[in-house]
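Next comes model.txt, with compact mmCIF, C-alpha atoms and all ligand atoms.
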# COMPACT_ATOMS: atom_id res chain seq x y z
CA MET D 135 0.00 0.00 0.00
CA PRO D 136 1.48 3.38 -0.93
CA PRO D 137 2.17 5.64 2.06
CA ILE D 138 -0.39 8.34 2.78
CA PRO D 139 1.04 11.71 1.83
CA GLY D 140 2.11 13.65 4.90
CA SER D 141 2.08 10.58 7.23
CA GLY D 142 5.85 10.88 7.78
CA LEU D 143 5.46 14.51 8.79
CA ALA D 144 2.63 13.61 11.19
CA LYS D 145 4.75 10.86 12.77
CA GLY D 146 7.66 13.23 13.20
CA LEU D 147 5.44 15.87 14.81
CA ALA D 148 3.98 13.23 17.13
CA VAL D 149 7.46 12.28 18.28
CA THR D 150 8.33 15.96 18.79
CA LEU D 151 5.18 16.55 20.83
CA ARG D 152 5.79 13.46 22.94
CA THR D 153 9.34 14.50 23.67
CA MET D 154 8.32 18.09 24.47
CA THR D 155 5.90 16.96 27.15
CA LYS D 156 8.35 14.60 28.85
CA ARG D 157 10.40 15.68 31.85
CA SER D 158 13.94 16.69 30.93
CA HIS D 159 16.76 14.38 32.05
CA THR D 160 19.43 17.05 31.91
CA ALA D 161 21.60 16.93 35.03
CA GLN D 162 22.89 20.27 36.27
CA TYR D 163 26.36 18.87 36.99
CA PRO D 164 28.56 20.11 38.70
CA ASP D 165 26.01 22.13 40.67
CA VAL D 166 24.01 18.98 41.27
CA GLN D 167 25.76 15.66 41.75
CA PRO D 168 24.41 12.87 39.56
CA GLU D 169 22.69 9.94 41.20
CA LEU D 170 24.87 7.09 40.04
CA PRO D 171 24.03 3.42 40.40
CA PRO D 172 25.89 2.06 43.43
CA ARG D 173 28.03 -0.27 41.31
CA SER D 174 29.15 2.37 38.80
CA ARG D 175 32.59 1.85 37.29
CA GLY D 176 34.12 5.16 38.23
CA VAL D 177 37.61 4.30 39.36
CA ILE D 178 39.51 1.38 40.89
CA GLY D 179 40.27 1.35 44.61
CA LEU D 180 43.07 -0.71 46.14
CA PHE D 181 42.87 -2.38 49.54
CA GLU D 182 46.59 -2.99 49.79
CA GLU D 183 46.46 -5.08 52.98
CA ASN D 184 44.85 -7.81 50.88
CA CYS D 185 47.36 -7.57 48.03
CA THR D 186 49.90 -10.42 48.01
CA VAL D 187 51.71 -9.09 44.92
CA CYS D 188 50.70 -12.16 42.97
CA MET D 189 50.80 -10.03 39.76
CA LEU D 190 47.69 -11.67 38.37
CA CYS D 191 45.93 -8.36 37.75
CA ALA D 192 48.94 -6.86 35.96
CA ARG D 193 49.34 -9.97 33.78
CA GLU D 194 45.65 -10.15 32.83
CA CYS D 195 45.16 -6.43 32.17
CA PRO D 196 44.63 -6.16 28.41
CA ASP D 197 46.07 -2.63 28.36
CA TRP D 198 49.13 -3.35 30.51
CA CYS D 199 48.35 -0.28 32.54
CA ILE D 200 48.93 -1.70 36.03
CA TYR D 201 52.44 -1.14 37.39
CA ILE D 202 53.55 -3.18 40.40
CA ASP D 203 56.95 -3.22 42.11
CA SER D 204 57.81 -5.34 45.11
CA HIS D 205 60.67 -6.87 47.03
CA LYS D 206 61.03 -10.05 49.05
CA GLU D 207 61.40 -10.13 52.82
CA THR D 208 62.33 -13.06 55.01
CA VAL D 209 59.90 -13.86 57.77
CA PRO D 210 61.44 -15.70 60.76
CA ALA D 211 60.11 -19.14 61.62
CA ALA D 212 56.97 -19.09 63.72
CA ALA D 213 58.25 -21.83 66.05
CA PRO D 214 61.76 -22.89 67.08
CA GLY D 215 63.13 -25.34 64.53
CA GLY D 216 60.71 -24.15 61.85
CA ARG D 217 61.67 -22.87 58.44
CA GLU D 218 62.04 -19.21 57.54
CA ARG D 219 59.60 -18.02 54.93
CA SER D 220 59.79 -15.27 52.37
CA ARG D 221 56.97 -12.93 51.46
CA ASN D 222 56.45 -10.23 48.86
CA VAL D 223 56.21 -6.66 50.06
CA LEU D 224 54.45 -4.13 47.86
CA ASP D 225 56.58 -1.13 46.87
CA ARG D 226 54.50 0.36 44.11
CA PHE D 227 51.00 -0.17 42.77
CA ALA D 228 49.84 2.29 40.11
CA ILE D 229 47.18 2.32 37.43
CA ASP D 230 47.40 4.49 34.33
CA PHE D 231 43.80 5.61 33.83
CA SER D 232 44.67 7.18 30.49
CA LEU D 233 45.08 3.61 29.18
CA CYS D 234 42.55 1.78 31.34
CA MET D 235 39.41 0.79 29.45
CA TYR D 236 37.41 -0.01 32.60
CA CYS D 237 36.89 -3.62 31.61
CA GLY D 238 37.09 -4.79 35.23
CA ILE D 239 39.23 -7.83 34.44
CA CYS D 240 41.78 -6.92 37.13
CA ILE D 241 39.03 -6.77 39.74
CA GLU D 242 37.55 -10.07 38.61
CA VAL D 243 40.83 -11.97 38.60
CA CYS D 244 42.22 -10.70 41.91
CA PRO D 245 42.07 -13.80 44.11
CA PHE D 246 42.47 -11.83 47.34
CA ASP D 247 39.79 -9.12 47.02
CA ALA D 248 42.27 -6.28 46.87
CA LEU D 249 40.67 -4.32 44.00
CA PHE D 250 37.19 -2.79 43.92
CA TRP D 251 35.12 -0.46 41.76
CA SER D 252 34.40 2.91 43.29
CA PRO D 253 31.75 5.24 41.80
CA GLU D 254 34.15 8.19 42.21
CA PHE D 255 34.63 9.84 38.82
CA GLU D 256 35.93 13.33 39.48
CA TYR D 257 39.58 12.78 38.72
CA ALA D 258 39.96 14.48 35.36
CA GLU D 259 43.37 16.04 34.73
CA THR D 260 44.62 18.54 32.20
CA ASP D 261 47.85 16.60 31.75
CA ILE D 262 47.54 12.99 30.61
CA LEU D 263 50.62 12.03 32.63
CA GLU D 264 48.74 12.96 35.78
CA LEU D 265 46.29 10.14 35.13
CA THR D 266 48.71 7.55 36.46
CA HIS D 267 47.59 7.19 40.04
CA GLU D 268 49.75 5.62 42.72
CA ARG D 269 48.78 3.38 45.61
CA ASP D 270 48.04 6.20 48.07
CA LYS D 271 45.41 7.64 45.76
CA LEU D 272 44.04 4.18 44.94
CA ARG D 273 43.79 3.57 48.68
CA GLU D 274 41.90 6.84 49.22
CA TRP D 275 39.38 5.72 46.61
CA MET D 276 38.98 2.45 48.47
CA TRP D 277 37.02 4.31 51.17
CA THR D 278 34.48 5.48 48.58
CA VAL D 279 33.58 1.91 47.61
CA PRO D 280 29.97 1.24 48.60
CA ALA D 281 29.21 -1.56 51.03
CA PRO D 282 28.14 -4.80 49.40
CA PRO D 283 24.41 -5.51 49.26
CA ALA D 284 22.93 -7.38 52.20
CA LEU D 285 23.01 -11.16 52.03
CA ASP D 286 19.87 -13.02 51.09
CA PRO D 287 18.49 -14.25 54.43
CA ALA D 288 17.67 -17.60 52.84
CA ALA D 289 21.14 -18.03 51.37
CA GLU D 290 23.61 -20.60 52.66
CA GLU D 291 25.99 -19.15 55.24
CA PRO D 292 29.34 -18.27 53.59
CA LYS D 293 32.07 -20.68 54.67
CA GLU D 294 34.28 -17.85 55.95
CA VAL D 295 31.45 -16.57 58.18
CA ALA D 296 30.66 -20.12 59.37
CA ALA D 297 34.34 -20.73 60.24
CA ALA D 298 34.56 -17.40 62.11
CA ARG D 299 31.32 -18.11 63.97
CA LYS D 300 32.51 -21.59 65.00
CA ALA D 301 35.83 -20.15 66.24
CA VAL D 302 33.98 -17.56 68.35
CA GLU D 303 31.59 -20.21 69.74
CA LYS D 304 34.54 -22.47 70.61
CA ALA D 305 36.37 -19.61 72.38
CA GLU D 306 33.20 -18.68 74.30
CA ALA D 307 32.64 -22.31 75.36
CA ALA D 308 36.25 -22.59 76.55
CA ALA D 309 35.94 -19.32 78.51
CA ALA D 310 32.65 -20.48 80.09
CA ALA D 311 34.20 -23.84 81.08
CA ALA D 312 37.21 -22.08 82.62
CA ALA D 313 34.94 -19.71 84.57
CA ALA D 314 32.82 -22.64 85.83
CA ALA D 315 35.93 -24.55 86.95
CA ALA D 316 37.23 -21.46 88.78
CA ALA D 317 33.85 -20.98 90.50
CA ALA D 318 33.74 -24.63 91.57
CA ALA D 319 37.27 -24.42 92.98
CA ALA D 320 36.37 -21.29 94.94
CA ALA D 321 33.23 -22.94 96.41
CA GLU D 322 35.10 -26.05 97.75
CA PRO D 323 35.66 -25.97 101.60
CA THR D 324 39.30 -25.61 102.57
CA THR D 325 40.97 -27.24 105.67
CA THR D 326 43.50 -25.13 107.46
CA GLU D 327 45.65 -25.99 110.46
CA PRO D 328 45.74 -23.65 113.46
CA ALA D 329 48.56 -21.18 113.40
CA ASP D 330 50.30 -22.60 116.55
CA GLY D 331 50.25 -26.19 115.31
CA PRO D 332 48.34 -29.20 116.63
CA ALA D 333 46.71 -28.99 120.09
CA ALA D 334 49.06 -29.92 122.97
CA ASP D 335 46.84 -32.74 124.22
CA SER D 336 46.22 -34.28 120.88
CA THR D 337 49.41 -36.34 120.71
CA PRO D 338 50.63 -39.14 122.96
CA GLU D 339 54.03 -37.48 123.24
CA ALA D 340 52.47 -34.37 124.67
CA ASP D 341 50.56 -36.43 127.26
CA ALA D 342 53.73 -38.20 128.35
S1 LIG S 401 39.92 -2.25 34.32
FE1 LIG S 401 40.79 -3.47 32.61
S2 LIG S 401 42.11 -2.05 31.53
FE2 LIG S 401 41.66 -1.10 33.50
S3 LIG S 401 43.37 -1.68 34.82
FE3 LIG S 401 41.77 -3.23 35.10
S4 LIG S 401 42.22 -4.85 33.64
FE4 LIG S 401 43.41 -3.05 33.02
S1 LIG S 402 45.72 -9.71 41.63
FE1 LIG S 402 45.15 -8.79 43.59
S2 LIG S 402 46.59 -9.67 45.05
FE2 LIG S 402 47.43 -10.05 43.01
S3 LIG S 402 48.81 -8.29 42.65
FE3 LIG S 402 46.81 -7.76 41.79
S4 LIG S 402 45.76 -6.64 43.45
FE4 LIG S 402 47.48 -7.73 44.36
Mind converting the file's structure to structure tokens?
Ligand code: SF4
Ligand code: SF4
Amino acid sequence: MPPIPGSGLAKGLAVTLRTMTKRSHTAQYPDVQPELPPRSRGVIGLFEENCTVCMLCARECPDWCIYIDSHKETVPAAAPGGRERSRNVLDRFAIDFSLCMYCGICIEVCPFDALFWSPEFEYAETDILELTHERDKLREWMWTVPAPPALDPAAEEPKEVAAARKAVEKAEAAAAAAAAAAAAAAAEPTTTEPADGPAADSTPEADA
């Protein structure tokens, strides 16, 4: 069927009218901060206490924009006769955000939960070299990471939480048992001898 003359114009005007009557979505940034979804990919925060310098994130980063330096330290044996151990100590952790493509691979592959997305996005620079951010800055961003959503009440208890709960219960039971034993010992009657020794007439020698 041939199109009705002017139908295209009518459709266009209908779209225009519909759009005109809708509320505008323009955000008055920077006067008004945008309401971002809590899991926005703004920047990457580093929780360096969790980082073991395994280098997995740097190796998997498709842009090679994670720079990590470390050195080894010897940790003395925990018990006499034990073996000394060596551990990696982080010297430098930096991300070049001029190269980063916000794919999130580094966060996904980190086996120790040391990297997180923060919704912080106000870190524009006029010099591209300034977009390489070092560990102190990455650590500051860590505190802007939103808390994880609450657990589903019907979900299975995470094994880490179960292990921690069992350890606390065991410690509480041991403390209660120790307190009960101490109370029982305190309640037992004690026999004490008189200060000047046995009575004079209580022994045959004394009578003689
Ligand atoms: S988000 Fe992707 S590109 Fe950016 S540092 Fe992580 S792995 Fe590299
Ligand atoms: S993957 Fe995680 S633990 Fe390993 S070096 Fe990267 S941030 Fe550190």
Straight-line distance linking atom CA of D:Gly176 with atom CA of D:Glu254, stated in Å to one decimal: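 We find that atom CA of D:Gly176 and atom CA of D:Glu254 lie 5.0 Å from each other.
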Protein and nucleic residues near ligand LIG 402 (chain S), 9 Å, all atoms listed in the file, as an MDAnalysis selection string: chainID D and resid 180:182 184:194 200 202 224 227 240:249
All residues 8 Å or closer to D:Asp197, all atoms listed in the file, same chain fewer than 3 positions away omitted, as a PyMOL selection string: chain D and resi 233-235
Neighbour list for D:Leu272 as JSON, numbers by chain, cut-off 8 Å, all atoms listed in the file, skip fewer than 2 positions in-chain: {"D": [178, 179, 180, 228, 267, 268, 269, 270, 274, 275, 276]}
Spatial neighbours of D:Asp230, 6 Å, only C-alpha atoms, chain gap at least 3 places, as a PyMOL selection string: chain D and resi 199+233+265-266
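Taking atom CA of D:Val279 as the reference point, atom CA of D:Ser252 is found at 4.5 Å.
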Top pick for closest residue to ligand LIG 401 (chain S), considering D:Arg175, D:Lys206, D:Arg273, D:His159 and counting only C-alpha atoms and all ligand atoms: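 Between D:Arg175, D:Lys206, D:Arg273, D:His159, the residue approaching ligand LIG 401 (chain S) most closely is D:Arg175.
Nearest residue to ligand LIG 401 (chain S) among D:Ser232, D:Thr278, D:Thr150, D:Asn222 is D:Ser232, counting all atoms listed in the file.
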Pairwise distance for atom CA of D:Trp198 and atom CA of D:Asp225, rounded to one decimal in Å: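 Spanning atom CA of D:Trp198 to atom CA of D:Asp225 is a straight-line distance of 18.1 Å.
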Proximity to ligand LIG 401 (chain S) - best of D:Ala213, D:Leu147, D:Ala321, D:Ile239, all atoms listed in the file: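 Selected residue with least distance to ligand LIG 401 (chain S): D:Ile239.
Closest to ligand LIG 401 (chain S) among D:Gly238, D:Pro164, D:Pro210, D:Gly215 is D:Gly238, based on all atoms listed in the file.
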Once you add 5 Å to each side, what are the centre and edge lengths of the axis-aligned box holding all listed atoms of stretch 278-294 of chain D? One decimal in Å, as lines of an AutoDock Vina configuration file, if you can.
center_x = 26.1
center_y = -7.6
center_z = 51.8
size_x = 26.8
size_y = 36.2
size_z = 18.3
Using all atoms listed in the file, which protein or nucleic acid residues come within 10 Å of D:Pro280? Drop anything in the same chain fewer than 4 positions from it, and give the result as a PDB file with C-alpha atoms, keeping the file's coordinate frame.
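Dumped to part07.pdb:
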ATOM      1  CA  PRO D 172      25.890   2.060  43.430  1.00  0.00           C
ATOM      2  CA  ARG D 173      28.030  -0.270  41.310  1.00  0.00           C
ATOM      3  CA  SER D 174      29.150   2.370  38.800  1.00  0.00           C
ATOM      4  CA  PHE D 250      37.190  -2.790  43.920  1.00  0.00           C
ATOM      5  CA  TRP D 251      35.120  -0.460  41.760  1.00  0.00           C
ATOM      6  CA  SER D 252      34.400   2.910  43.290  1.00  0.00           C
ATOM      7  CA  PRO D 253      31.750   5.240  41.800  1.00  0.00           C
ATOM      8  CA  MET D 276      38.980   2.450  48.470  1.00  0.00           C
TER       9      MET D 276
END
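If you measure from each of D:Phe231, D:Pro168, D:Ala212, D:Tyr163 to ligand LIG 401 (chain S) using all atoms listed in the file, the closest one turns out to be D:Phe231.
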N, CA and C atoms are what I want for stretch 247-280 of chain D; can you complete it accordingly and write them as a compact mmCIF listing (two decimals), keeping the file's coordinate frame?
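Full text of part_28.txt as output:
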# COMPACT_ATOMS: atom_id res chain seq x y z
N ASP D 247 40.71 -10.25 46.77
CA ASP D 247 39.79 -9.12 47.02
C ASP D 247 40.55 -7.85 47.41
N ALA D 248 41.51 -7.49 46.58
CA ALA D 248 42.27 -6.28 46.87
C ALA D 248 41.85 -5.11 45.97
N LEU D 249 41.08 -5.38 44.93
CA LEU D 249 40.67 -4.32 44.00
C LEU D 249 39.14 -4.24 43.95
N PHE D 250 38.64 -3.00 43.90
CA PHE D 250 37.19 -2.79 43.92
C PHE D 250 36.83 -1.61 43.01
N TRP D 251 35.62 -1.63 42.49
CA TRP D 251 35.12 -0.46 41.76
C TRP D 251 34.61 0.57 42.75
N SER D 252 34.97 1.80 42.52
CA SER D 252 34.40 2.91 43.29
C SER D 252 33.61 3.77 42.30
N PRO D 253 32.50 4.37 42.72
CA PRO D 253 31.75 5.24 41.80
C PRO D 253 32.39 6.62 41.61
N GLU D 254 33.48 6.89 42.32
CA GLU D 254 34.15 8.19 42.21
C GLU D 254 34.59 8.43 40.75
N PHE D 255 34.27 9.58 40.22
CA PHE D 255 34.63 9.84 38.82
C PHE D 255 35.28 11.20 38.60
N GLU D 256 35.40 11.98 39.66
CA GLU D 256 35.93 13.33 39.48
C GLU D 256 37.44 13.34 39.62
N TYR D 257 38.12 12.76 38.66
CA TYR D 257 39.58 12.78 38.72
C TYR D 257 40.18 13.16 37.36
N ALA D 258 39.45 14.01 36.65
CA ALA D 258 39.96 14.48 35.36
C ALA D 258 41.21 15.32 35.58
N GLU D 259 42.13 15.27 34.64
CA GLU D 259 43.37 16.04 34.73
C GLU D 259 43.58 16.76 33.40
N THR D 260 44.32 17.84 33.45
CA THR D 260 44.62 18.54 32.20
C THR D 260 45.85 17.94 31.53
N ASP D 261 46.66 17.22 32.31
CA ASP D 261 47.85 16.60 31.75
C ASP D 261 47.66 15.08 31.80
N ILE D 262 47.80 14.43 30.68
CA ILE D 262 47.54 12.99 30.61
C ILE D 262 48.48 12.21 31.53
N LEU D 263 49.67 12.75 31.77
CA LEU D 263 50.62 12.03 32.63
C LEU D 263 50.12 11.96 34.07
N GLU D 264 49.26 12.93 34.41
CA GLU D 264 48.74 12.96 35.78
C GLU D 264 47.69 11.88 36.02
N LEU D 265 47.32 11.17 34.97
CA LEU D 265 46.29 10.14 35.13
C LEU D 265 46.84 8.80 35.60
N THR D 266 48.15 8.75 35.82
CA THR D 266 48.71 7.55 36.46
C THR D 266 48.64 7.77 37.95
N HIS D 267 47.81 6.98 38.60
CA HIS D 267 47.59 7.19 40.04
C HIS D 267 48.27 6.09 40.85
N GLU D 268 48.96 6.53 41.90
CA GLU D 268 49.75 5.62 42.72
C GLU D 268 48.90 5.04 43.85
N ARG D 269 49.53 4.17 44.63
CA ARG D 269 48.78 3.38 45.61
C ARG D 269 48.08 4.23 46.67
N ASP D 270 48.68 5.37 47.04
CA ASP D 270 48.04 6.20 48.07
C ASP D 270 46.68 6.70 47.60
N LYS D 271 46.67 7.13 46.32
CA LYS D 271 45.41 7.64 45.76
C LYS D 271 44.41 6.49 45.58
N LEU D 272 44.92 5.34 45.12
CA LEU D 272 44.04 4.18 44.94
C LEU D 272 43.46 3.75 46.29
N ARG D 273 44.26 3.93 47.33
CA ARG D 273 43.79 3.57 48.68
C ARG D 273 42.72 4.56 49.15
N GLU D 274 42.92 5.84 48.85
CA GLU D 274 41.90 6.84 49.22
C GLU D 274 40.56 6.49 48.58
N TRP D 275 40.63 6.06 47.31
CA TRP D 275 39.38 5.72 46.61
C TRP D 275 38.72 4.49 47.20
N MET D 276 39.53 3.66 47.87
CA MET D 276 38.98 2.45 48.47
C MET D 276 37.85 2.80 49.44
N TRP D 277 38.01 3.95 50.15
CA TRP D 277 37.02 4.31 51.17
C TRP D 277 35.75 4.87 50.54
N THR D 278 35.72 5.02 49.23
CA THR D 278 34.48 5.48 48.58
C THR D 278 33.73 4.29 47.96
N VAL D 279 34.25 3.10 48.15
CA VAL D 279 33.58 1.91 47.61
C VAL D 279 32.34 1.62 48.44
N PRO D 280 31.17 1.50 47.80
CA PRO D 280 29.97 1.24 48.60
C PRO D 280 29.99 -0.14 49.23
